[in-house]
$ cat protein-v4.txt   # compact mmCIF, N, CA and C atoms
# COMPACT_ATOMS: atom_id res chain seq x y z
N MET A 1 34.38 69.51 101.85
CA MET A 1 35.03 70.13 102.99
C MET A 1 35.23 69.09 104.09
N SER A 2 36.43 69.03 104.63
CA SER A 2 36.71 68.06 105.69
C SER A 2 36.04 68.48 106.99
N ALA A 3 35.92 67.52 107.91
CA ALA A 3 35.32 67.81 109.21
C ALA A 3 36.13 68.88 109.93
N LEU A 4 37.46 68.83 109.77
CA LEU A 4 38.32 69.82 110.40
C LEU A 4 38.01 71.22 109.89
N MET A 5 37.85 71.33 108.60
CA MET A 5 37.57 72.64 108.01
C MET A 5 36.19 73.14 108.41
N ALA A 6 35.28 72.24 108.75
CA ALA A 6 33.93 72.63 109.11
C ALA A 6 33.82 73.11 110.55
N LYS A 7 34.84 72.85 111.37
CA LYS A 7 34.80 73.27 112.77
C LYS A 7 34.85 74.79 112.86
N LYS A 8 34.03 75.31 113.76
CA LYS A 8 34.03 76.76 113.99
C LYS A 8 35.13 77.09 114.99
N ILE A 9 36.07 77.91 114.56
CA ILE A 9 37.20 78.29 115.39
C ILE A 9 37.24 79.81 115.50
N VAL A 10 37.30 80.29 116.73
CA VAL A 10 37.40 81.72 116.98
C VAL A 10 38.64 81.95 117.81
N ILE A 11 39.47 82.91 117.39
CA ILE A 11 40.64 83.27 118.18
C ILE A 11 40.48 84.71 118.65
N TYR A 12 40.56 84.88 119.95
CA TYR A 12 40.51 86.20 120.58
C TYR A 12 41.95 86.66 120.73
N SER A 13 42.25 87.83 120.19
CA SER A 13 43.64 88.27 120.15
C SER A 13 43.75 89.78 120.24
N THR A 14 44.99 90.25 120.28
CA THR A 14 45.30 91.67 120.17
C THR A 14 46.42 91.80 119.13
N PRO A 15 46.55 92.98 118.52
CA PRO A 15 47.50 93.14 117.42
C PRO A 15 48.97 92.92 117.79
N HIS A 16 49.37 93.25 118.99
CA HIS A 16 50.79 93.18 119.33
C HIS A 16 51.16 91.96 120.16
N CYS A 17 50.27 91.00 120.26
CA CYS A 17 50.50 89.79 121.06
C CYS A 17 51.30 88.77 120.23
N VAL A 18 52.51 88.46 120.69
CA VAL A 18 53.38 87.51 119.99
C VAL A 18 52.74 86.13 119.93
N PHE A 19 52.16 85.67 121.03
CA PHE A 19 51.57 84.33 121.06
C PHE A 19 50.31 84.25 120.20
N CYS A 20 49.60 85.37 120.09
CA CYS A 20 48.44 85.43 119.18
C CYS A 20 48.91 85.22 117.75
N ARG A 21 50.00 85.91 117.38
CA ARG A 21 50.54 85.77 116.03
C ARG A 21 50.98 84.34 115.76
N LEU A 22 51.65 83.72 116.75
CA LEU A 22 52.08 82.34 116.58
C LEU A 22 50.89 81.39 116.40
N ALA A 23 49.83 81.62 117.16
CA ALA A 23 48.63 80.78 117.05
C ALA A 23 48.00 80.92 115.67
N LYS A 24 47.91 82.15 115.18
CA LYS A 24 47.31 82.38 113.86
C LYS A 24 48.20 81.79 112.75
N GLU A 25 49.51 81.90 112.92
CA GLU A 25 50.42 81.29 111.93
C GLU A 25 50.28 79.77 111.93
N PHE A 26 50.14 79.18 113.11
CA PHE A 26 49.95 77.73 113.22
C PHE A 26 48.68 77.30 112.49
N LEU A 27 47.59 78.02 112.71
CA LEU A 27 46.33 77.68 112.04
C LEU A 27 46.47 77.84 110.52
N ALA A 28 47.11 78.93 110.09
CA ALA A 28 47.29 79.16 108.66
C ALA A 28 48.16 78.09 108.02
N GLU A 29 49.25 77.71 108.70
CA GLU A 29 50.15 76.67 108.17
C GLU A 29 49.42 75.33 108.00
N ASN A 30 48.39 75.11 108.80
CA ASN A 30 47.63 73.87 108.73
C ASN A 30 46.33 74.04 107.93
N ASN A 31 46.24 75.15 107.20
CA ASN A 31 45.07 75.44 106.34
C ASN A 31 43.76 75.37 107.10
N ILE A 32 43.76 75.92 108.31
CA ILE A 32 42.57 75.91 109.16
C ILE A 32 41.97 77.30 109.19
N SER A 33 40.73 77.40 108.76
CA SER A 33 40.02 78.67 108.76
C SER A 33 39.61 79.04 110.18
N TYR A 34 39.62 80.33 110.46
CA TYR A 34 39.22 80.78 111.79
C TYR A 34 38.67 82.20 111.69
N GLU A 35 37.92 82.57 112.70
CA GLU A 35 37.43 83.94 112.83
C GLU A 35 38.28 84.61 113.91
N GLU A 36 38.77 85.79 113.63
CA GLU A 36 39.58 86.51 114.61
C GLU A 36 38.76 87.63 115.22
N LYS A 37 38.84 87.75 116.54
CA LYS A 37 38.19 88.85 117.25
C LYS A 37 39.29 89.65 117.95
N ASP A 38 39.43 90.89 117.53
CA ASP A 38 40.48 91.79 118.01
C ASP A 38 39.96 92.52 119.25
N LEU A 39 40.48 92.14 120.41
CA LEU A 39 40.01 92.72 121.66
C LEU A 39 40.38 94.19 121.82
N SER A 40 41.35 94.66 121.05
CA SER A 40 41.75 96.05 121.18
C SER A 40 40.69 97.02 120.64
N VAL A 41 39.79 96.51 119.82
CA VAL A 41 38.76 97.38 119.22
C VAL A 41 37.33 96.85 119.40
N ASP A 42 37.18 95.68 120.00
CA ASP A 42 35.87 95.04 120.08
C ASP A 42 35.49 94.72 121.53
N ALA A 43 34.73 95.63 122.14
CA ALA A 43 34.33 95.47 123.54
C ALA A 43 33.40 94.26 123.73
N VAL A 44 32.58 93.97 122.75
CA VAL A 44 31.69 92.81 122.83
C VAL A 44 32.52 91.53 122.88
N ALA A 45 33.56 91.48 122.06
CA ALA A 45 34.45 90.31 122.06
C ALA A 45 35.15 90.16 123.40
N ARG A 46 35.54 91.29 124.03
CA ARG A 46 36.16 91.23 125.36
C ARG A 46 35.20 90.60 126.36
N ASP A 47 33.94 91.00 126.30
CA ASP A 47 32.93 90.42 127.20
C ASP A 47 32.75 88.93 126.93
N GLU A 48 32.74 88.53 125.64
CA GLU A 48 32.64 87.11 125.28
C GLU A 48 33.81 86.32 125.87
N LEU A 49 35.01 86.90 125.72
CA LEU A 49 36.22 86.24 126.21
C LEU A 49 36.14 86.00 127.71
N ILE A 50 35.73 87.01 128.45
CA ILE A 50 35.60 86.87 129.91
C ILE A 50 34.57 85.81 130.25
N ALA A 51 33.44 85.81 129.55
CA ALA A 51 32.39 84.82 129.82
C ALA A 51 32.87 83.40 129.52
N LYS A 52 33.66 83.23 128.47
CA LYS A 52 34.12 81.90 128.07
C LYS A 52 35.29 81.39 128.89
N SER A 53 36.22 82.29 129.24
CA SER A 53 37.46 81.83 129.86
C SER A 53 37.69 82.35 131.27
N GLY A 54 36.94 83.37 131.66
CA GLY A 54 37.12 83.94 132.99
C GLY A 54 38.37 84.81 133.11
N GLN A 55 38.95 85.20 132.00
CA GLN A 55 40.16 86.02 132.06
C GLN A 55 40.27 86.94 130.86
N LEU A 56 41.29 87.81 130.89
CA LEU A 56 41.52 88.74 129.78
C LEU A 56 42.77 88.42 128.99
N GLY A 57 43.55 87.43 129.40
CA GLY A 57 44.76 87.07 128.67
C GLY A 57 44.45 86.53 127.29
N VAL A 58 45.33 86.82 126.35
CA VAL A 58 45.19 86.33 124.99
C VAL A 58 46.46 85.60 124.58
N PRO A 59 46.38 84.74 123.60
CA PRO A 59 45.18 84.37 122.87
C PRO A 59 44.32 83.38 123.64
N VAL A 60 43.05 83.40 123.31
CA VAL A 60 42.12 82.35 123.72
C VAL A 60 41.51 81.84 122.43
N ILE A 61 41.53 80.52 122.27
CA ILE A 61 41.02 79.91 121.06
C ILE A 61 39.83 79.04 121.42
N ASP A 62 38.72 79.29 120.75
CA ASP A 62 37.48 78.55 120.97
C ASP A 62 37.26 77.64 119.76
N VAL A 63 37.38 76.34 120.00
CA VAL A 63 37.15 75.35 118.94
C VAL A 63 35.84 74.65 119.29
N GLU A 64 34.76 75.19 118.72
CA GLU A 64 33.42 74.64 118.96
C GLU A 64 33.14 74.42 120.44
N GLY A 65 33.45 75.43 121.25
CA GLY A 65 33.15 75.37 122.68
C GLY A 65 34.29 74.84 123.53
N GLU A 66 35.30 74.26 122.92
CA GLU A 66 36.50 73.80 123.64
C GLU A 66 37.43 75.00 123.74
N ILE A 67 37.64 75.49 124.97
CA ILE A 67 38.42 76.71 125.18
C ILE A 67 39.88 76.37 125.46
N ILE A 68 40.75 76.97 124.68
CA ILE A 68 42.20 76.78 124.84
C ILE A 68 42.79 78.15 125.18
N VAL A 69 43.38 78.24 126.37
CA VAL A 69 43.96 79.50 126.82
C VAL A 69 45.44 79.50 126.47
N GLY A 70 45.87 80.55 125.78
CA GLY A 70 47.26 80.67 125.37
C GLY A 70 47.50 79.87 124.09
N PHE A 71 48.73 79.97 123.58
CA PHE A 71 49.08 79.19 122.40
C PHE A 71 49.63 77.85 122.88
N ASP A 72 48.70 76.95 123.13
CA ASP A 72 49.02 75.60 123.62
C ASP A 72 49.00 74.67 122.41
N LYS A 73 50.14 74.61 121.72
CA LYS A 73 50.22 73.86 120.46
C LYS A 73 49.83 72.39 120.63
N PRO A 74 50.33 71.66 121.66
CA PRO A 74 49.92 70.26 121.81
C PRO A 74 48.41 70.11 121.99
N ARG A 75 47.81 71.03 122.73
CA ARG A 75 46.35 70.96 122.94
C ARG A 75 45.61 71.25 121.64
N LEU A 76 46.09 72.23 120.89
CA LEU A 76 45.47 72.53 119.59
C LEU A 76 45.55 71.35 118.65
N VAL A 77 46.71 70.71 118.60
CA VAL A 77 46.88 69.53 117.75
C VAL A 77 45.86 68.47 118.14
N GLN A 78 45.70 68.26 119.44
CA GLN A 78 44.75 67.25 119.93
C GLN A 78 43.31 67.62 119.58
N VAL A 79 42.90 68.83 119.91
CA VAL A 79 41.51 69.25 119.69
C VAL A 79 41.17 69.29 118.20
N LEU A 80 42.14 69.66 117.39
CA LEU A 80 41.89 69.76 115.94
C LEU A 80 42.11 68.45 115.21
N GLY A 81 42.61 67.43 115.92
CA GLY A 81 42.82 66.13 115.29
C GLY A 81 43.98 66.12 114.32
N LEU A 82 44.97 66.96 114.55
CA LEU A 82 46.15 67.00 113.68
C LEU A 82 47.17 65.97 114.14
N LYS A 83 48.12 65.66 113.27
CA LYS A 83 49.17 64.71 113.63
C LYS A 83 50.51 65.37 113.62
$ encode --input "protein-v4.txt" --output "structure tokens"
Amino acid sequence: MSALMAKKIVIYSTPHCVFCRLAKEFLAENNISYEEKDLSVDAVARDELIAKSGQLGVPVIDVEGEIIVGFDKPRLVQVLGLK
């Protein structure tokens, strides 16, 4: 398993969020595993999101403690070490 695949990635999202879908598609296209937390049904995840990012907007992507707010593709590429 590569170092990239070993990174713990959590995406906080909602079912109807276009940018959440784009972020998940980006991760899938790059064969990156992630855990999804659906804020529409998970109150604990909502509390985690607020504690980590200070906001309720989605998506928020946590890459081993590095918080990325929104679908910031250049930042994801950088944090994940993609080219």
$ atom_distance --input "protein-v4.txt" --atom1 "atom CA of Gly81 of chain A" --atom2 "atom CA of Asp47 of chain A"
28.8 Å
$ residues_near_point --input "protein-v4.txt" --point "(48.6, 87.1, 128.7)" --cutoff "9 Å" --atoms "only C-alpha atoms" --output "PyMOL selection string"
chain A and resi 17+19+56-59+70
$ closest_residue --input "protein-v4.txt" --among "A:Leu80, A:Ala51, A:Asp42, A:Val60" --to "Ser13 of chain A" --atoms "all atoms listed in the file"
A:Val60
$ select_by_dssp --input "protein-v4.txt" --residues "chain A" --states "helix (DSSP H, G or I)" --output "number ranges by chain"
A: 3-6, 18-29, 43-53, 73-80
$ residues_around --input "protein-v4.txt" --residues "segment 33-41 of chain A" --least-positions-apart "2" --cutoff "7 Å" --atoms "only C-alpha atoms" --output "list in words"
Met5, Lys8, Ile9, Val10, Ile11, Tyr12, Ser13, Thr14, Asn31, Ala43, Ala45 and Arg46 of chain A
$ write_last_selection --input "protein-v4.txt" --atoms "N, CA and C atoms" --output "PDB file, keeping the file's coordinate frame"
ATOM      1  N   MET A   5      37.850  71.330 108.600  1.00  0.00           N
ATOM      2  CA  MET A   5      37.570  72.640 108.010  1.00  0.00           C
ATOM      3  C   MET A   5      36.190  73.140 108.410  1.00  0.00           C
ATOM      4  N   LYS A   8      34.030  75.310 113.760  1.00  0.00           N
ATOM      5  CA  LYS A   8      34.030  76.760 113.990  1.00  0.00           C
ATOM      6  C   LYS A   8      35.130  77.090 114.990  1.00  0.00           C
ATOM      7  N   ILE A   9      36.070  77.910 114.560  1.00  0.00           N
ATOM      8  CA  ILE A   9      37.200  78.290 115.390  1.00  0.00           C
ATOM      9  C   ILE A   9      37.240  79.810 115.500  1.00  0.00           C
ATOM     10  N   VAL A  10      37.300  80.290 116.730  1.00  0.00           N
ATOM     11  CA  VAL A  10      37.400  81.720 116.980  1.00  0.00           C
ATOM     12  C   VAL A  10      38.640  81.950 117.810  1.00  0.00           C
ATOM     13  N   ILE A  11      39.470  82.910 117.390  1.00  0.00           N
ATOM     14  CA  ILE A  11      40.640  83.270 118.180  1.00  0.00           C
ATOM     15  C   ILE A  11      40.480  84.710 118.650  1.00  0.00           C
ATOM     16  N   TYR A  12      40.560  84.880 119.950  1.00  0.00           N
ATOM     17  CA  TYR A  12      40.510  86.200 120.580  1.00  0.00           C
ATOM     18  C   TYR A  12      41.950  86.660 120.730  1.00  0.00           C
ATOM     19  N   SER A  13      42.250  87.830 120.190  1.00  0.00           N
ATOM     20  CA  SER A  13      43.640  88.270 120.150  1.00  0.00           C
ATOM     21  C   SER A  13      43.750  89.780 120.240  1.00  0.00           C
ATOM     22  N   THR A  14      44.990  90.250 120.280  1.00  0.00           N
ATOM     23  CA  THR A  14      45.300  91.670 120.170  1.00  0.00           C
ATOM     24  C   THR A  14      46.420  91.800 119.130  1.00  0.00           C
ATOM     25  N   ASN A  31      46.240  75.150 107.200  1.00  0.00           N
ATOM     26  CA  ASN A  31      45.070  75.440 106.340  1.00  0.00           C
ATOM     27  C   ASN A  31      43.760  75.370 107.100  1.00  0.00           C
ATOM     28  N   ALA A  43      34.730  95.630 122.140  1.00  0.00           N
ATOM     29  CA  ALA A  43      34.330  95.470 123.540  1.00  0.00           C
ATOM     30  C   ALA A  43      33.400  94.260 123.730  1.00  0.00           C
ATOM     31  N   ALA A  45      33.560  91.480 122.060  1.00  0.00           N
ATOM     32  CA  ALA A  45      34.450  90.310 122.060  1.00  0.00           C
ATOM     33  C   ALA A  45      35.150  90.160 123.400  1.00  0.00           C
ATOM     34  N   ARG A  46      35.540  91.290 124.030  1.00  0.00           N
ATOM     35  CA  ARG A  46      36.160  91.230 125.360  1.00  0.00           C
ATOM     36  C   ARG A  46      35.200  90.600 126.360  1.00  0.00           C
TER      37      ARG A  46
END
$ residues_near_point --input "protein-v4.txt" --point "(49.1, 76.1, 115.3)" --cutoff "8 Å" --atoms "only N, CA and C atoms" --output "list in words"
Leu22, Ala23, Lys24, Glu25, Phe26, Leu27, Ala28, Glu29, Asn30, Phe71, Asp72, Lys73, Pro74, Leu76 and Val77 of chain A
$ write_last_selection --input "protein-v4.txt" --atoms "N, CA and C atoms" --output "mmCIF file, keeping the file's coordinate frame"
data_model
loop_
_atom_site.group_PDB
_atom_site.id
_atom_site.type_symbol
_atom_site.label_atom_id
_atom_site.label_comp_id
_atom_site.auth_asym_id
_atom_site.auth_seq_id
_atom_site.Cartn_x
_atom_site.Cartn_y
_atom_site.Cartn_z
ATOM 1 N N LEU A 22 51.650 83.720 116.750
ATOM 2 C CA LEU A 22 52.080 82.340 116.580
ATOM 3 C C LEU A 22 50.890 81.390 116.400
ATOM 4 N N ALA A 23 49.830 81.620 117.160
ATOM 5 C CA ALA A 23 48.630 80.780 117.050
ATOM 6 C C ALA A 23 48.000 80.920 115.670
ATOM 7 N N LYS A 24 47.910 82.150 115.180
ATOM 8 C CA LYS A 24 47.310 82.380 113.860
ATOM 9 C C LYS A 24 48.200 81.790 112.750
ATOM 10 N N GLU A 25 49.510 81.900 112.920
ATOM 11 C CA GLU A 25 50.420 81.290 111.930
ATOM 12 C C GLU A 25 50.280 79.770 111.930
ATOM 13 N N PHE A 26 50.140 79.180 113.110
ATOM 14 C CA PHE A 26 49.950 77.730 113.220
ATOM 15 C C PHE A 26 48.680 77.300 112.490
ATOM 16 N N LEU A 27 47.590 78.020 112.710
ATOM 17 C CA LEU A 27 46.330 77.680 112.040
ATOM 18 C C LEU A 27 46.470 77.840 110.520
ATOM 19 N N ALA A 28 47.110 78.930 110.090
ATOM 20 C CA ALA A 28 47.290 79.160 108.660
ATOM 21 C C ALA A 28 48.160 78.090 108.020
ATOM 22 N N GLU A 29 49.250 77.710 108.700
ATOM 23 C CA GLU A 29 50.150 76.670 108.170
ATOM 24 C C GLU A 29 49.420 75.330 108.000
ATOM 25 N N ASN A 30 48.390 75.110 108.800
ATOM 26 C CA ASN A 30 47.630 73.870 108.730
ATOM 27 C C ASN A 30 46.330 74.040 107.930
ATOM 28 N N PHE A 71 48.730 79.970 123.580
ATOM 29 C CA PHE A 71 49.080 79.190 122.400
ATOM 30 C C PHE A 71 49.630 77.850 122.880
ATOM 31 N N ASP A 72 48.700 76.950 123.130
ATOM 32 C CA ASP A 72 49.020 75.600 123.620
ATOM 33 C C ASP A 72 49.000 74.670 122.410
ATOM 34 N N LYS A 73 50.140 74.610 121.720
ATOM 35 C CA LYS A 73 50.220 73.860 120.460
ATOM 36 C C LYS A 73 49.830 72.390 120.630
ATOM 37 N N PRO A 74 50.330 71.660 121.660
ATOM 38 C CA PRO A 74 49.920 70.260 121.810
ATOM 39 C C PRO A 74 48.410 70.110 121.990
ATOM 40 N N LEU A 76 46.090 72.230 120.890
ATOM 41 C CA LEU A 76 45.470 72.530 119.590
ATOM 42 C C LEU A 76 45.550 71.350 118.650
ATOM 43 N N VAL A 77 46.710 70.710 118.600
ATOM 44 C CA VAL A 77 46.880 69.530 117.750
ATOM 45 C C VAL A 77 45.860 68.470 118.140
#
$ closest_residue --input "protein-v4.txt" --among "A:Cys20, A:Val44, A:Ile50, A:Val79" --to "Glu66 of chain A" --atoms "only N, CA and C atoms"
A:Val79
$ atom_distance --input "protein-v4.txt" --atom1 "atom CA of Lys83 of chain A" --atom2 "atom CA of Val18 of chain A"
24.0 Å
$ atom_distance --input "protein-v4.txt" --atom1 "atom N of Ile61 of chain A" --atom2 "atom CA of Pro15 of chain A"
14.8 Å
$ decode --input "protein-v4.txt" --residues "segment 27-62 of chain A" --atoms "N, CA and C atoms" --output "compact mmCIF listing (two decimals), in the first residue's frame"
# COMPACT_ATOMS: atom_id res chain seq x y z
N LEU A 27 -11.56 12.19 -5.67
CA LEU A 27 -10.86 11.18 -4.88
C LEU A 27 -10.96 9.80 -5.55
N ALA A 28 -12.15 9.46 -6.03
CA ALA A 28 -12.34 8.17 -6.69
C ALA A 28 -11.51 8.06 -7.97
N GLU A 29 -11.48 9.13 -8.76
CA GLU A 29 -10.70 9.12 -10.01
C GLU A 29 -9.21 8.91 -9.74
N ASN A 30 -8.76 9.32 -8.56
CA ASN A 30 -7.35 9.18 -8.19
C ASN A 30 -7.12 7.96 -7.30
N ASN A 31 -8.12 7.08 -7.24
CA ASN A 31 -8.03 5.83 -6.46
C ASN A 31 -7.65 6.07 -5.01
N ILE A 32 -8.25 7.10 -4.42
CA ILE A 32 -7.96 7.46 -3.03
C ILE A 32 -9.14 7.05 -2.16
N SER A 33 -8.86 6.20 -1.19
CA SER A 33 -9.90 5.76 -0.27
C SER A 33 -10.21 6.86 0.72
N TYR A 34 -11.47 6.93 1.12
CA TYR A 34 -11.88 7.93 2.10
C TYR A 34 -13.08 7.42 2.88
N GLU A 35 -13.29 8.03 4.03
CA GLU A 35 -14.48 7.76 4.83
C GLU A 35 -15.41 8.95 4.64
N GLU A 36 -16.66 8.69 4.36
CA GLU A 36 -17.63 9.76 4.18
C GLU A 36 -18.52 9.86 5.41
N LYS A 37 -18.74 11.09 5.87
CA LYS A 37 -19.65 11.34 6.98
C LYS A 37 -20.76 12.25 6.46
N ASP A 38 -21.97 11.71 6.45
CA ASP A 38 -23.14 12.40 5.91
C ASP A 38 -23.78 13.24 7.02
N LEU A 39 -23.62 14.55 6.91
CA LEU A 39 -24.12 15.45 7.94
C LEU A 39 -25.64 15.50 8.01
N SER A 40 -26.31 15.06 6.96
CA SER A 40 -27.77 15.10 6.98
C SER A 40 -28.37 14.07 7.94
N VAL A 41 -27.60 13.08 8.31
CA VAL A 41 -28.11 12.03 9.20
C VAL A 41 -27.22 11.77 10.43
N ASP A 42 -26.10 12.45 10.52
CA ASP A 42 -25.12 12.16 11.58
C ASP A 42 -24.80 13.41 12.40
N ALA A 43 -25.50 13.56 13.53
CA ALA A 43 -25.31 14.73 14.38
C ALA A 43 -23.91 14.76 15.00
N VAL A 44 -23.35 13.61 15.29
CA VAL A 44 -22.00 13.55 15.86
C VAL A 44 -21.00 14.09 14.83
N ALA A 45 -21.19 13.72 13.57
CA ALA A 45 -20.31 14.22 12.51
C ALA A 45 -20.44 15.73 12.36
N ARG A 46 -21.66 16.26 12.51
CA ARG A 46 -21.85 17.72 12.46
C ARG A 46 -21.04 18.40 13.56
N ASP A 47 -21.08 17.84 14.75
CA ASP A 47 -20.30 18.40 15.87
C ASP A 47 -18.80 18.31 15.58
N GLU A 48 -18.34 17.19 15.00
CA GLU A 48 -16.92 17.04 14.63
C GLU A 48 -16.52 18.12 13.62
N LEU A 49 -17.40 18.32 12.63
CA LEU A 49 -17.12 19.30 11.58
C LEU A 49 -16.95 20.69 12.17
N ILE A 50 -17.85 21.08 13.06
CA ILE A 50 -17.77 22.39 13.70
C ILE A 50 -16.49 22.51 14.51
N ALA A 51 -16.14 21.46 15.24
CA ALA A 51 -14.92 21.49 16.06
C ALA A 51 -13.67 21.60 15.19
N LYS A 52 -13.66 20.95 14.04
CA LYS A 52 -12.48 20.95 13.17
C LYS A 52 -12.36 22.20 12.32
N SER A 53 -13.50 22.71 11.83
CA SER A 53 -13.44 23.80 10.85
C SER A 53 -14.08 25.10 11.31
N GLY A 54 -14.88 25.03 12.36
CA GLY A 54 -15.55 26.23 12.84
C GLY A 54 -16.73 26.65 11.98
N GLN A 55 -17.21 25.77 11.12
CA GLN A 55 -18.33 26.13 10.25
C GLN A 55 -19.17 24.92 9.91
N LEU A 56 -20.29 25.17 9.21
CA LEU A 56 -21.18 24.09 8.79
C LEU A 56 -21.16 23.85 7.29
N GLY A 57 -20.45 24.66 6.53
CA GLY A 57 -20.40 24.48 5.08
C GLY A 57 -19.71 23.18 4.70
N VAL A 58 -20.18 22.58 3.62
CA VAL A 58 -19.59 21.35 3.11
C VAL A 58 -19.22 21.53 1.65
N PRO A 59 -18.31 20.75 1.15
CA PRO A 59 -17.58 19.70 1.85
C PRO A 59 -16.44 20.26 2.69
N VAL A 60 -16.09 19.50 3.70
CA VAL A 60 -14.86 19.71 4.45
C VAL A 60 -14.12 18.39 4.38
N ILE A 61 -12.86 18.46 4.00
CA ILE A 61 -12.06 17.25 3.85
C ILE A 61 -10.92 17.30 4.85
N ASP A 62 -10.82 16.24 5.64
CA ASP A 62 -9.78 16.12 6.66
C ASP A 62 -8.78 15.08 6.18
